[in-house]
Amino acid sequence: MAIDPKLADELKSQGVHVTSFEQLINWGRSSSLWPLQFGLACCAIEMIAATMAKYDMARFGAEVFRPSPRQADLMLVAGTVTKKMAPQVVRLYNQMAEPKYVIAMGACAISGGPFKDGYNVLKGIDRYIPVDIVIPGCPPRPEALLEGLLKLREKIANEKLLGKNRARHADPNGAASFPVPEYGPHDLNPPVNREVWNPPTIVREAGGGDA
Amino acid sequence: MNVEIESILELVRGALPDVVISLRKNPGPSGQHSLLVEASSLVDVCRFLRDQLEFDLLSNVTGIDWPEPAKADKVAVDETEGAVSPEEGFLEVVYHLFSTTKRVGPLVLRCRTADRRESARVPSVVSVYRSAEFQEREIFDLFGVNFTGHPDLRRILMWDEFVDHPMRKDYVAPDDYEYEPTPHDAVLEKAKRHYPAQS
């Protein structure tokens with residue numbers, strides 16, 4: 001049942017706070033995101049800078065970097081995900097307790113970045129796990145990371161816990177873990193998880209490349 | 001300080017008369033000449049250079065793939081007249097030696113394998129220079145050179161199940177390029193293979 005925001009404001013001015021369980025739970029979740037402490041490349045340096053005194057990620061309740069996936073609810077994929085590292089990243093994601101969120105930080109974690117044409121770099125972590133927020137940059141400034149964090153807080157605050165459009169973690173049929181790719185003779189096996197990653201089909205003019 | 005490679009060549013030839021070693025001139029502006037050592041005498045030459053000539057630091061080991069052997073001799077010219085380049089392609093391992101006591105270097109050694117397939121073998125110099133261990137593993141991983149006598153020859157960068165050698169010129173990367181918003185040049189060629197068939 002929705003609360004009339006006008007009525008809630010009026011009651012608030014009288015010292016009565018009206019809320020719903022959904023809002024309360026989302027408020028709690030969004031205000032204490034504990035990131036998983038791991039970094040993959042140079043983006044991790046910016047991530048570290050964002051947690052230190054000058055940028056102070058603690059202002060947004062996300063300073064408690066946990067060294068165990070069991071205690072973390074935010075995975076910051078900060079850096080290049082090589083194909084050798086990808087199974088470990090997916091395994092860490094699977095070990096995190098629900099609700100869990102993923103921020104892909106930097107060009108490499110989003111798409112492979114400058115190494116996209118290489119043989120050993122995964123062309124985006126979203127090929128294996130669902131990504132909530134992407135932060136472009138190479139590497140992104142700490143301010144950009146904080147902006148991404150605020151966007152994630154916004155997203156969590158508006159999550160539905162019941163009904164048809166509820167969040168993945170609130171859905172009993174929603175996937176909590178995803179298959180860990182295996183090392184194959186030429187590439188990871190499977191090279192992409194189709195349940196997670198479906199790029200748009202590009203329709204181009206004859207000749208291609210100009211459209 | 002640059003090494004006086006001619007005098008080093010004379011010293012090596014004087015001390016080890018059996019080794020097959022030749023000077024490769026680099027005609028480029030860097031003028032970084034090198035010594036081409038036969039694989040069978042590589043370890044002896046390294047030990048002599050370390051113990052007698054004080055080349056105590058092996059700073060770098062790297063590989064080169066030469067699918068077309070004639071090109072290899074354009075880059076580094078053999079000083080001996082009438083030397084013919086091998087028929088088949090080969091892999092080359094390049095060593096950069098420095099002397100920290102004499103403050104000279106780099107002394108560049110080259111060593112070639114017989115071919116790029118079964119006989120892609122070079123003796124390991126780990127027994128002389130311990131620092132070669134990881135670098136030889138890397139060359140084994142990326143070029144597929146087998147270092148005989150290496151204590152722990154495993155892949156170091158790629159995973160163990162991987163079978164290719166990515167730095168070889170005939171390596172074909174897995175075709176996992178499905179979506180590219182603005183392809184161009186070589187990437188366009190790659191991306192075109194994934195376009196829907198034109199009707």
# chains A, B, ... in the order shown; residues from 1 in each chain; ligands from 1
call {"tool": "select_by_dssp", "arguments": {"residues": "segment 17-189 of chain B", "states": "alpha helix (DSSP H)", "output": "PyMOL selection string"}}
result
chain B and resi 42-51+69-75+132-142+185-189
call {"tool": "residues_around", "arguments": {"residues": "Asp170 of chain B", "least_positions_apart": "6", "cutoff": "12 Å", "atoms": "only C-alpha atoms", "output": "PyMOL selection string"}}
result
chain B and resi 65-68+89+116+143+164
call {"tool": "interface_residues", "arguments": {"of": "chain A", "to": "chain B", "cutoff": "6 Å", "atoms": "only C-alpha atoms", "output": "ChimeraX atom specification"}}
result
/A:119,185-186
call {"tool": "select_by_dssp", "arguments": {"residues": "segment 10-157 of chain A", "states": "strand (DSSP E)", "output": "PyMOL selection string"}}
result
chain A and resi 74-78+101-105+133-135
call {"tool": "atom_distance", "arguments": {"atom1": "atom CA of Gln135 of chain B", "atom2": "atom CA of Ala78 of chain A"}}
result
27.9 Å
call {"tool": "residues_around", "arguments": {"residues": "segment 98-112 of chain A", "least_positions_apart": "6", "cutoff": "10 Å", "atoms": "only C-alpha atoms", "output": "CSV table (one decimal) with all heavy atoms, in the first residue's frame"}}
result
chain,number,residue,atom,x,y,z
A,29,ARG,N,19.6,-1.0,3.6
A,29,ARG,CA,20.5,-1.6,2.7
A,29,ARG,C,21.4,-0.5,1.9
A,29,ARG,O,22.6,-0.7,1.8
A,29,ARG,CB,19.7,-2.4,1.6
A,29,ARG,CG,19.4,-3.8,2.2
A,29,ARG,CD,18.5,-4.5,1.2
A,29,ARG,NE,18.2,-5.8,1.7
A,29,ARG,CZ,17.2,-6.6,1.3
A,29,ARG,NH1,16.5,-6.2,0.2
A,29,ARG,NH2,17.0,-7.8,1.8
A,33,LEU,N,26.4,-0.1,2.5
A,33,LEU,CA,27.0,-1.1,1.5
A,33,LEU,C,28.4,-1.4,1.9
A,33,LEU,O,29.2,-0.5,2.0
A,33,LEU,CB,27.0,-0.4,0.1
A,33,LEU,CG,25.6,-0.3,-0.6
A,33,LEU,CD1,25.7,0.6,-1.8
A,33,LEU,CD2,25.2,-1.7,-1.1
A,34,TRP,N,28.6,-2.7,2.0
A,34,TRP,CA,30.0,-3.1,2.4
A,34,TRP,C,30.6,-3.7,1.1
A,34,TRP,O,30.2,-4.8,0.7
A,34,TRP,CB,29.9,-4.2,3.5
A,34,TRP,CG,29.6,-3.5,4.8
A,34,TRP,CD1,29.2,-2.3,5.1
A,34,TRP,CD2,29.7,-4.2,6.1
A,34,TRP,NE1,29.0,-2.1,6.4
A,34,TRP,CE2,29.3,-3.2,7.1
A,34,TRP,CE3,30.0,-5.5,6.5
A,34,TRP,CZ2,29.2,-3.5,8.4
A,34,TRP,CZ3,30.0,-5.8,7.8
A,34,TRP,CH2,29.6,-4.8,8.8
A,35,PRO,N,31.6,-3.0,0.6
A,35,PRO,CA,32.2,-3.6,-0.6
A,35,PRO,C,33.1,-4.7,-0.3
A,35,PRO,O,33.7,-4.8,0.7
A,35,PRO,CB,33.0,-2.4,-1.2
A,35,PRO,CG,32.6,-1.2,-0.4
A,35,PRO,CD,32.1,-1.7,0.9
A,36,LEU,N,33.3,-5.6,-1.3
A,36,LEU,CA,34.3,-6.7,-1.3
A,36,LEU,C,35.6,-6.1,-1.6
A,36,LEU,O,35.8,-5.4,-2.5
A,36,LEU,CB,33.9,-7.8,-2.2
A,36,LEU,CG,34.8,-9.0,-2.3
A,36,LEU,CD1,34.8,-9.7,-0.9
A,36,LEU,CD2,34.2,-10.0,-3.3
A,40,LEU,N,41.7,-5.2,-9.2
A,40,LEU,CA,42.3,-6.0,-10.3
A,40,LEU,C,43.3,-5.3,-11.1
A,40,LEU,O,44.2,-5.9,-11.6
A,40,LEU,CB,41.2,-6.5,-11.3
A,40,LEU,CG,40.1,-7.4,-10.6
A,40,LEU,CD1,39.0,-7.7,-11.6
A,40,LEU,CD2,40.8,-8.7,-10.3
A,41,ALA,N,43.2,-3.9,-11.1
A,41,ALA,CA,44.2,-3.2,-11.9
A,41,ALA,C,44.2,-1.8,-11.4
A,41,ALA,O,43.9,-1.5,-10.2
A,41,ALA,CB,43.9,-3.3,-13.4
A,42,CYS,N,44.6,-0.8,-12.2
A,42,CYS,CA,44.8,0.5,-11.8
A,42,CYS,C,43.6,1.2,-11.3
A,42,CYS,O,43.7,2.1,-10.5
A,42,CYS,CB,45.4,1.3,-12.9
A,42,CYS,SG,44.9,0.9,-14.6
A,43,CYS,N,42.4,0.8,-11.7
A,43,CYS,CA,41.1,1.3,-11.1
A,43,CYS,C,41.1,1.1,-9.6
A,43,CYS,O,40.5,1.9,-8.9
A,43,CYS,CB,39.9,0.7,-11.8
A,43,CYS,SG,39.5,1.3,-13.4
A,44,ALA,N,41.7,0.1,-9.1
A,44,ALA,CA,41.7,-0.2,-7.7
A,44,ALA,C,42.4,0.9,-7.0
A,44,ALA,O,42.1,1.2,-5.8
A,44,ALA,CB,42.4,-1.5,-7.4
A,46,GLU,N,42.3,4.1,-7.7
A,46,GLU,CA,41.4,5.2,-7.6
A,46,GLU,C,40.3,4.8,-6.5
A,46,GLU,O,39.8,5.6,-5.8
A,46,GLU,CB,40.7,5.5,-8.9
A,46,GLU,CG,41.6,5.9,-10.0
A,46,GLU,CD,42.2,7.2,-9.7
A,46,GLU,OE1,41.5,8.2,-9.5
A,46,GLU,OE2,43.5,7.3,-9.6
A,47,MET,N,40.0,3.5,-6.5
A,47,MET,CA,39.0,3.0,-5.5
A,47,MET,C,39.6,3.2,-4.1
A,47,MET,O,38.9,3.7,-3.2
A,47,MET,CB,38.8,1.5,-5.7
A,47,MET,CG,37.8,0.9,-4.8
A,47,MET,SD,37.6,-0.9,-5.1
A,47,MET,CE,39.1,-1.5,-4.4
A,70,ARG,N,31.6,-13.4,2.1
A,70,ARG,CA,30.4,-13.7,2.9
A,70,ARG,C,29.9,-12.5,3.7
A,70,ARG,O,28.7,-12.4,4.1
A,70,ARG,CB,30.8,-14.7,4.0
A,70,ARG,CG,31.3,-16.0,3.4
A,70,ARG,CD,30.3,-16.8,2.7
A,70,ARG,NE,30.8,-18.1,2.3
A,70,ARG,CZ,30.2,-18.8,1.3
A,70,ARG,NH1,29.2,-18.4,0.7
A,70,ARG,NH2,30.7,-20.0,1.0
A,72,ALA,N,30.2,-9.3,2.4
A,72,ALA,CA,30.1,-8.1,1.5
A,72,ALA,C,28.8,-8.1,0.8
A,72,ALA,O,28.3,-9.2,0.5
A,72,ALA,CB,31.3,-8.1,0.6
A,73,ASP,N,28.3,-6.9,0.4
A,73,ASP,CA,27.2,-6.9,-0.4
A,73,ASP,C,27.3,-6.1,-1.7
A,73,ASP,O,26.4,-5.9,-2.5
A,73,ASP,CB,25.9,-6.5,0.3
A,73,ASP,CG,26.1,-5.5,1.4
A,73,ASP,OD1,27.1,-4.7,1.3
A,73,ASP,OD2,25.4,-5.6,2.4
A,74,LEU,N,28.5,-5.6,-1.9
A,74,LEU,CA,28.8,-4.8,-3.1
A,74,LEU,C,30.1,-5.3,-3.7
A,74,LEU,O,31.1,-5.3,-3.0
A,74,LEU,CB,28.9,-3.3,-2.8
A,74,LEU,CG,29.5,-2.4,-3.9
A,74,LEU,CD1,28.6,-2.5,-5.1
A,74,LEU,CD2,29.6,-1.0,-3.4
A,75,MET,N,30.1,-5.7,-4.9
A,75,MET,CA,31.3,-6.1,-5.6
A,75,MET,C,31.7,-5.0,-6.5
A,75,MET,O,31.0,-4.6,-7.5
A,75,MET,CB,31.1,-7.4,-6.4
A,75,MET,CG,32.3,-7.9,-7.1
A,75,MET,SD,31.9,-9.4,-8.1
A,75,MET,CE,33.1,-10.5,-7.3
A,76,LEU,N,32.9,-4.4,-6.2
A,76,LEU,CA,33.4,-3.4,-7.1
A,76,LEU,C,34.5,-4.0,-8.0
A,76,LEU,O,35.6,-4.3,-7.6
A,76,LEU,CB,34.1,-2.3,-6.2
A,76,LEU,CG,33.3,-1.1,-5.7
A,76,LEU,CD1,34.1,-0.5,-4.6
A,76,LEU,CD2,33.2,-0.1,-6.8
A,77,VAL,N,34.1,-4.2,-9.2
A,77,VAL,CA,35.0,-4.8,-10.2
A,77,VAL,C,35.9,-3.7,-10.7
A,77,VAL,O,35.5,-3.0,-11.7
A,77,VAL,CB,34.3,-5.6,-11.3
A,77,VAL,CG1,35.3,-6.3,-12.2
A,77,VAL,CG2,33.3,-6.5,-10.8
A,78,ALA,N,37.0,-3.5,-10.0
A,78,ALA,CA,37.9,-2.3,-10.3
A,78,ALA,C,39.1,-2.8,-11.1
A,78,ALA,O,40.1,-3.1,-10.6
A,78,ALA,CB,38.3,-1.6,-9.0
A,79,GLY,N,38.9,-2.8,-12.4
A,79,GLY,CA,40.1,-3.1,-13.3
A,79,GLY,C,39.9,-4.1,-14.3
A,79,GLY,O,38.8,-4.6,-14.5
A,80,THR,N,41.0,-4.4,-15.0
A,80,THR,CA,40.9,-5.4,-16.1
A,80,THR,C,40.6,-6.8,-15.6
A,80,THR,O,41.3,-7.3,-14.7
A,80,THR,CB,42.3,-5.4,-16.8
A,80,THR,OG1,42.8,-4.1,-16.9
A,80,THR,CG2,42.2,-6.1,-18.2
A,81,VAL,N,39.6,-7.4,-16.2
A,81,VAL,CA,39.4,-8.8,-15.8
A,81,VAL,C,40.0,-9.7,-16.9
A,81,VAL,O,39.5,-9.7,-18.0
A,81,VAL,CB,37.9,-9.1,-15.7
A,81,VAL,CG1,37.6,-10.5,-15.2
A,81,VAL,CG2,37.2,-8.1,-14.9
A,82,THR,N,41.1,-10.3,-16.5
A,82,THR,CA,41.7,-11.2,-17.5
A,82,THR,C,40.9,-12.5,-17.6
A,82,THR,O,40.1,-12.9,-16.6
A,82,THR,CB,43.1,-11.6,-17.2
A,82,THR,OG1,43.2,-12.2,-15.9
A,82,THR,CG2,44.0,-10.3,-17.2
A,118,GLY,N,42.6,-7.9,-27.4
A,118,GLY,CA,43.6,-8.8,-27.0
A,118,GLY,C,43.0,-10.2,-26.8
A,118,GLY,O,41.8,-10.5,-26.7
A,120,ASN,N,43.7,-12.2,-24.1
A,120,ASN,CA,43.6,-12.7,-22.7
A,120,ASN,C,42.7,-11.9,-21.8
A,120,ASN,O,42.7,-12.2,-20.7
A,120,ASN,CB,45.1,-12.7,-22.2
A,120,ASN,CG,45.6,-11.3,-22.2
A,120,ASN,OD1,45.2,-10.4,-23.0
A,120,ASN,ND2,46.5,-11.0,-21.3
A,121,VAL,N,42.0,-10.9,-22.4
A,121,VAL,CA,41.2,-10.1,-21.5
A,121,VAL,C,39.7,-10.3,-21.8
A,121,VAL,O,39.3,-10.4,-23.0
A,121,VAL,CB,41.5,-8.6,-21.8
A,121,VAL,CG1,40.6,-7.7,-21.0
A,121,VAL,CG2,42.9,-8.3,-21.3
A,122,LEU,N,38.9,-10.5,-20.7
A,122,LEU,CA,37.5,-10.7,-20.8
A,122,LEU,C,36.9,-9.3,-21.3
A,122,LEU,O,37.2,-8.3,-20.8
A,122,LEU,CB,37.0,-11.0,-19.5
A,122,LEU,CG,35.5,-11.5,-19.4
A,122,LEU,CD1,35.4,-12.8,-20.1
A,122,LEU,CD2,35.0,-11.6,-18.0
A,123,LYS,N,36.0,-9.5,-22.3
A,123,LYS,CA,35.4,-8.3,-22.9
A,123,LYS,C,34.2,-7.8,-22.1
A,123,LYS,O,33.1,-7.6,-22.6
A,123,LYS,CB,35.1,-8.5,-24.4
A,123,LYS,CG,36.4,-8.7,-25.2
A,123,LYS,CD,36.2,-9.5,-26.4
A,123,LYS,CE,37.6,-9.8,-27.0
A,123,LYS,NZ,38.5,-10.5,-26.2
A,124,GLY,N,34.4,-7.6,-20.8
A,124,GLY,CA,33.3,-7.1,-20.0
A,124,GLY,C,32.9,-8.1,-19.0
A,124,GLY,O,32.6,-9.3,-19.4
A,125,ILE,N,32.8,-7.8,-17.7
A,125,ILE,CA,32.5,-8.7,-16.7
A,125,ILE,C,31.0,-9.0,-16.8
A,125,ILE,O,30.5,-10.0,-16.3
A,125,ILE,CB,32.8,-8.2,-15.3
A,125,ILE,CG1,32.7,-9.3,-14.2
A,125,ILE,CG2,32.0,-7.0,-14.9
A,125,ILE,CD1,33.5,-10.5,-14.4
A,126,ASP,N,30.2,-8.2,-17.5
A,126,ASP,CA,28.8,-8.4,-17.6
A,126,ASP,C,28.5,-9.6,-18.5
A,126,ASP,O,27.3,-10.0,-18.8
A,126,ASP,CB,28.0,-7.2,-18.1
A,126,ASP,CG,28.6,-6.7,-19.4
A,126,ASP,OD1,29.7,-7.2,-19.8
A,126,ASP,OD2,28.0,-5.7,-20.0
A,127,ARG,N,29.5,-10.3,-19.1
A,127,ARG,CA,29.3,-11.5,-19.8
A,127,ARG,C,29.0,-12.7,-18.9
A,127,ARG,O,28.5,-13.7,-19.3
A,127,ARG,CB,30.6,-11.9,-20.6
A,127,ARG,CG,30.7,-10.9,-21.8
A,127,ARG,CD,32.0,-11.3,-22.6
A,127,ARG,NE,31.9,-10.5,-23.8
A,127,ARG,CZ,32.0,-11.0,-25.0
A,127,ARG,NH1,32.3,-12.2,-25.2
A,127,ARG,NH2,31.9,-10.2,-26.1
A,129,ILE,N,28.3,-12.0,-15.0
A,129,ILE,CA,27.5,-11.7,-13.8
A,129,ILE,C,26.7,-10.4,-14.1
A,129,ILE,O,27.1,-9.6,-14.9
A,129,ILE,CB,28.3,-11.5,-12.6
A,129,ILE,CG1,29.4,-10.5,-12.8
A,129,ILE,CG2,28.8,-12.8,-12.1
A,129,ILE,CD1,30.2,-10.3,-11.5
A,130,PRO,N,25.5,-10.2,-13.5
A,130,PRO,CA,24.7,-9.0,-13.8
A,130,PRO,C,25.4,-7.8,-13.2
A,130,PRO,O,25.8,-7.9,-12.0
A,130,PRO,CB,23.4,-9.3,-13.2
A,130,PRO,CG,23.6,-10.4,-12.1
A,130,PRO,CD,24.8,-11.2,-12.6
A,131,VAL,N,25.4,-6.7,-13.9
A,131,VAL,CA,26.1,-5.5,-13.4
A,131,VAL,C,25.0,-4.5,-13.2
A,131,VAL,O,24.1,-4.2,-14.0
A,131,VAL,CB,27.1,-5.0,-14.4
A,131,VAL,CG1,27.7,-3.6,-14.0
A,131,VAL,CG2,28.3,-6.0,-14.6
A,132,ASP,N,25.0,-3.8,-12.0
A,132,ASP,CA,24.0,-2.8,-11.7
A,132,ASP,C,24.4,-1.4,-12.2
A,132,ASP,O,23.6,-0.7,-12.7
A,132,ASP,CB,23.8,-2.8,-10.2
A,132,ASP,CG,23.2,-4.1,-9.7
A,132,ASP,OD1,22.0,-4.3,-9.9
A,132,ASP,OD2,24.0,-4.9,-9.1
A,133,ILE,N,25.7,-1.1,-11.9
A,133,ILE,CA,26.1,0.3,-12.3
A,133,ILE,C,27.4,0.2,-13.1
A,133,ILE,O,28.3,-0.6,-12.7
A,133,ILE,CB,26.4,1.1,-11.0
A,133,ILE,CG1,25.1,1.2,-10.1
A,133,ILE,CG2,26.9,2.5,-11.3
A,133,ILE,CD1,24.1,2.2,-10.6
A,134,VAL,N,27.5,0.9,-14.1
A,134,VAL,CA,28.8,1.0,-14.8
A,134,VAL,C,29.3,2.4,-14.7
A,134,VAL,O,28.6,3.4,-14.8
A,134,VAL,CB,28.7,0.6,-16.3
A,134,VAL,CG1,28.3,-0.9,-16.5
A,134,VAL,CG2,27.7,1.4,-17.1
A,135,ILE,N,30.6,2.5,-14.4
A,135,ILE,CA,31.3,3.8,-14.3
A,135,ILE,C,32.3,3.9,-15.4
A,135,ILE,O,33.4,3.2,-15.3
A,135,ILE,CB,31.9,3.9,-12.9
A,135,ILE,CG1,30.9,3.7,-11.8
A,135,ILE,CG2,32.5,5.3,-12.7
A,135,ILE,CD1,31.5,3.6,-10.4
A,136,PRO,N,32.1,4.7,-16.4
A,136,PRO,CA,33.1,4.8,-17.4
A,136,PRO,C,34.3,5.6,-17.0
A,136,PRO,O,34.2,6.4,-16.0
A,136,PRO,CB,32.4,5.5,-18.6
A,136,PRO,CG,31.3,6.3,-17.9
A,136,PRO,CD,30.9,5.5,-16.7
A,137,GLY,N,35.4,5.5,-17.6
A,137,GLY,CA,36.6,6.2,-17.3
A,137,GLY,C,37.8,5.2,-17.4
A,137,GLY,O,37.7,4.0,-17.4
A,138,CYS,N,39.0,5.8,-17.5
A,138,CYS,CA,40.2,5.0,-17.6
A,138,CYS,C,41.4,5.6,-16.9
A,138,CYS,O,42.2,6.2,-17.5
A,138,CYS,CB,40.5,4.7,-19.1
A,138,CYS,SG,41.8,3.5,-19.3
A,139,PRO,N,41.5,5.5,-15.6
A,139,PRO,CA,40.4,5.0,-14.7
A,139,PRO,C,39.5,6.2,-14.3
A,139,PRO,O,39.8,7.3,-14.5
A,139,PRO,CB,41.2,4.6,-13.4
A,139,PRO,CG,42.4,5.4,-13.4
A,139,PRO,CD,42.7,5.7,-14.9
A,140,PRO,N,38.3,5.9,-13.8
A,140,PRO,CA,37.4,6.9,-13.4
A,140,PRO,C,38.0,7.7,-12.2
A,140,PRO,O,38.7,7.1,-11.4
A,140,PRO,CB,36.1,6.2,-12.9
A,140,PRO,CG,36.3,4.8,-13.4
A,140,PRO,CD,37.7,4.5,-13.6
A,141,ARG,N,37.7,8.9,-12.1
A,141,ARG,CA,38.1,9.7,-10.9
A,141,ARG,C,37.4,9.2,-9.7
A,141,ARG,O,36.3,8.6,-9.8
A,141,ARG,CB,37.8,11.2,-11.1
A,141,ARG,CG,38.4,11.8,-12.3
A,141,ARG,CD,39.7,12.5,-11.9
A,141,ARG,NE,39.6,13.3,-10.6
A,141,ARG,CZ,40.7,13.6,-9.9
A,141,ARG,NH1,41.9,13.3,-10.3
A,141,ARG,NH2,40.5,14.3,-8.8
A,144,ALA,N,33.9,10.1,-9.6
A,144,ALA,CA,33.0,9.3,-10.5
A,144,ALA,C,32.6,8.1,-9.7
A,144,ALA,O,31.4,7.6,-9.8
A,144,ALA,CB,33.7,9.0,-11.8
A,145,LEU,N,33.5,7.5,-9.0
A,145,LEU,CA,33.1,6.3,-8.2
A,145,LEU,C,32.1,6.6,-7.1
A,145,LEU,O,31.1,5.9,-6.9
A,145,LEU,CB,34.4,5.7,-7.5
A,145,LEU,CG,34.2,4.5,-6.6
A,145,LEU,CD1,33.5,3.4,-7.4
A,145,LEU,CD2,35.5,4.0,-6.0
A,148,GLY,N,28.9,7.0,-8.8
A,148,GLY,CA,28.3,5.6,-9.1
A,148,GLY,C,27.7,5.0,-7.9
A,148,GLY,O,26.6,4.4,-7.9
A,149,LEU,N,28.4,5.2,-6.8
A,149,LEU,CA,27.9,4.7,-5.5
A,149,LEU,C,26.5,5.3,-5.1
A,149,LEU,O,25.6,4.7,-4.7
A,149,LEU,CB,28.9,5.0,-4.4
A,149,LEU,CG,28.6,4.3,-3.0
A,149,LEU,CD1,28.9,2.8,-3.2
A,149,LEU,CD2,29.5,4.9,-2.0
A,152,LEU,N,23.9,3.9,-7.2
A,152,LEU,CA,23.5,2.6,-6.7
A,152,LEU,C,22.6,2.7,-5.5
A,152,LEU,O,21.6,2.0,-5.4
A,152,LEU,CB,24.7,1.8,-6.4
A,152,LEU,CG,24.5,0.4,-5.9
A,152,LEU,CD1,23.8,-0.5,-7.0
A,152,LEU,CD2,25.8,-0.3,-5.4
A,156,ILE,N,18.9,1.2,-5.2
A,156,ILE,CA,18.5,0.3,-4.1
A,156,ILE,C,17.2,0.9,-3.4
A,156,ILE,O,16.3,0.2,-3.0
A,156,ILE,CB,19.6,0.1,-3.1
A,156,ILE,CG1,20.8,-0.7,-3.7
A,156,ILE,CG2,19.1,-0.7,-1.9
A,156,ILE,CD1,22.0,-0.7,-2.9
A,167,ALA,N,12.9,-6.8,-7.3
A,167,ALA,CA,14.4,-7.0,-7.6
A,167,ALA,C,14.7,-8.4,-7.7
A,167,ALA,O,14.0,-9.3,-7.2
A,167,ALA,CB,15.2,-6.3,-6.5
A,168,ARG,N,15.9,-8.7,-8.3
A,168,ARG,CA,16.3,-10.1,-8.6
A,168,ARG,C,16.5,-10.8,-7.3
A,168,ARG,O,16.1,-12.0,-7.2
A,168,ARG,CB,17.6,-10.0,-9.3
A,168,ARG,CG,18.3,-11.4,-9.6
A,168,ARG,CD,19.7,-11.2,-10.2
A,168,ARG,NE,20.5,-10.4,-9.3
A,168,ARG,CZ,21.1,-10.9,-8.2
A,168,ARG,NH1,20.9,-12.1,-7.8
A,168,ARG,NH2,21.8,-10.1,-7.4
A,169,HIS,N,17.1,-10.2,-6.3
A,169,HIS,CA,17.3,-10.9,-5.0
A,169,HIS,C,16.1,-11.2,-4.2
A,169,HIS,O,16.0,-12.0,-3.3
A,169,HIS,CB,18.4,-10.2,-4.2
A,169,HIS,CG,18.0,-8.8,-3.8
A,169,HIS,ND1,17.1,-8.5,-2.9
A,169,HIS,CD2,18.3,-7.6,-4.4
A,169,HIS,CE1,16.9,-7.2,-2.8
A,169,HIS,NE2,17.6,-6.6,-3.7
A,170,ALA,N,15.0,-10.4,-4.5
A,170,ALA,CA,13.7,-10.6,-3.8
A,170,ALA,C,12.8,-11.6,-4.5
A,170,ALA,O,11.8,-12.0,-3.9
A,170,ALA,CB,13.0,-9.3,-3.6
A,176,ALA,N,20.7,-16.6,-8.0
A,176,ALA,CA,21.6,-16.1,-6.9
A,176,ALA,C,23.0,-16.3,-7.3
A,176,ALA,O,23.9,-15.6,-6.8
A,176,ALA,CB,21.3,-16.7,-5.6
A,177,SER,N,23.3,-17.4,-8.1
A,177,SER,CA,24.7,-17.6,-8.5
A,177,SER,C,24.6,-18.0,-10.0
A,177,SER,O,23.6,-18.4,-10.5
A,177,SER,CB,25.3,-18.8,-7.7
A,177,SER,OG,24.6,-19.9,-7.9
B,179,TYR,N,29.9,-7.7,-30.4
B,179,TYR,CA,29.2,-6.4,-30.4
B,179,TYR,C,30.3,-5.3,-30.4
B,179,TYR,O,31.2,-5.3,-29.5
B,179,TYR,CB,28.3,-6.3,-29.2
B,179,TYR,CG,27.8,-4.9,-29.0
B,179,TYR,CD1,26.9,-4.4,-29.9
B,179,TYR,CD2,28.2,-4.1,-28.0
B,179,TYR,CE1,26.4,-3.1,-29.8
B,179,TYR,CE2,27.7,-2.8,-27.8
B,179,TYR,CZ,26.8,-2.3,-28.7
B,179,TYR,OH,26.3,-1.1,-28.6
B,180,GLU,N,30.3,-4.5,-31.4
B,180,GLU,CA,31.2,-3.4,-31.4
B,180,GLU,C,30.5,-2.2,-32.0
B,180,GLU,O,30.0,-2.2,-33.2
B,180,GLU,CB,32.4,-3.7,-32.3
B,180,GLU,CG,33.4,-2.7,-32.5
B,180,GLU,CD,34.1,-2.3,-31.2
B,180,GLU,OE1,34.5,-3.2,-30.4
B,180,GLU,OE2,34.2,-1.1,-30.9
call {"tool": "residues_around", "arguments": {"residues": "Gln32 of chain B", "least_positions_apart": "2", "cutoff": "12 Å", "atoms": "only C-alpha atoms", "output": "ChimeraX atom specification"}}
result
/B:2-5,23-30,34-35,75-77,96,105-109
call {"tool": "residues_around", "arguments": {"residues": "Ser32 of chain A", "least_positions_apart": "2", "cutoff": "8 Å", "atoms": "only C-alpha atoms", "output": "PyMOL selection string"}}
result
chain A and resi 28-30+34+60-62
call {"tool": "write_last_selection", "arguments": {"atoms": "N, CA and C atoms", "output": "PDB file, in the first residue's frame"}}
result
ATOM      1  N   GLY A  28      17.942   0.913   4.876  1.00  0.00           N
ATOM      2  CA  GLY A  28      19.029   0.250   5.599  1.00  0.00           C
ATOM      3  C   GLY A  28      20.066  -0.332   4.663  1.00  0.00           C
ATOM      4  N   ARG A  29      19.602  -0.952   3.613  1.00  0.00           N
ATOM      5  CA  ARG A  29      20.537  -1.585   2.672  1.00  0.00           C
ATOM      6  C   ARG A  29      21.388  -0.549   1.942  1.00  0.00           C
ATOM      7  N   SER A  30      20.730   0.517   1.508  1.00  0.00           N
ATOM      8  CA  SER A  30      21.464   1.490   0.701  1.00  0.00           C
ATOM      9  C   SER A  30      22.437   2.295   1.560  1.00  0.00           C
ATOM     10  N   TRP A  34      28.614  -2.698   2.040  1.00  0.00           N
ATOM     11  CA  TRP A  34      29.964  -3.117   2.369  1.00  0.00           C
ATOM     12  C   TRP A  34      30.609  -3.711   1.118  1.00  0.00           C
ATOM     13  N   PHE A  60      29.182   7.891   2.774  1.00  0.00           N
ATOM     14  CA  PHE A  60      28.019   7.223   2.183  1.00  0.00           C
ATOM     15  C   PHE A  60      27.874   5.797   2.703  1.00  0.00           C
ATOM     16  N   GLY A  61      28.523   5.504   3.786  1.00  0.00           N
ATOM     17  CA  GLY A  61      28.342   4.210   4.439  1.00  0.00           C
ATOM     18  C   GLY A  61      28.980   3.041   3.726  1.00  0.00           C
ATOM     19  N   ALA A  62      29.967   3.309   2.898  1.00  0.00           N
ATOM     20  CA  ALA A  62      30.552   2.209   2.125  1.00  0.00           C
ATOM     21  C   ALA A  62      32.046   2.100   2.367  1.00  0.00           C
TER      22      ALA A  62
END
call {"tool": "residues_around", "arguments": {"residues": "Glu182 of chain A", "least_positions_apart": "5", "cutoff": "12 Å", "atoms": "only C-alpha atoms", "output": "PyMOL selection string"}}
result
(chain A and resi 83-88+90-91+128+187-193) or (chain B and resi 159-162)
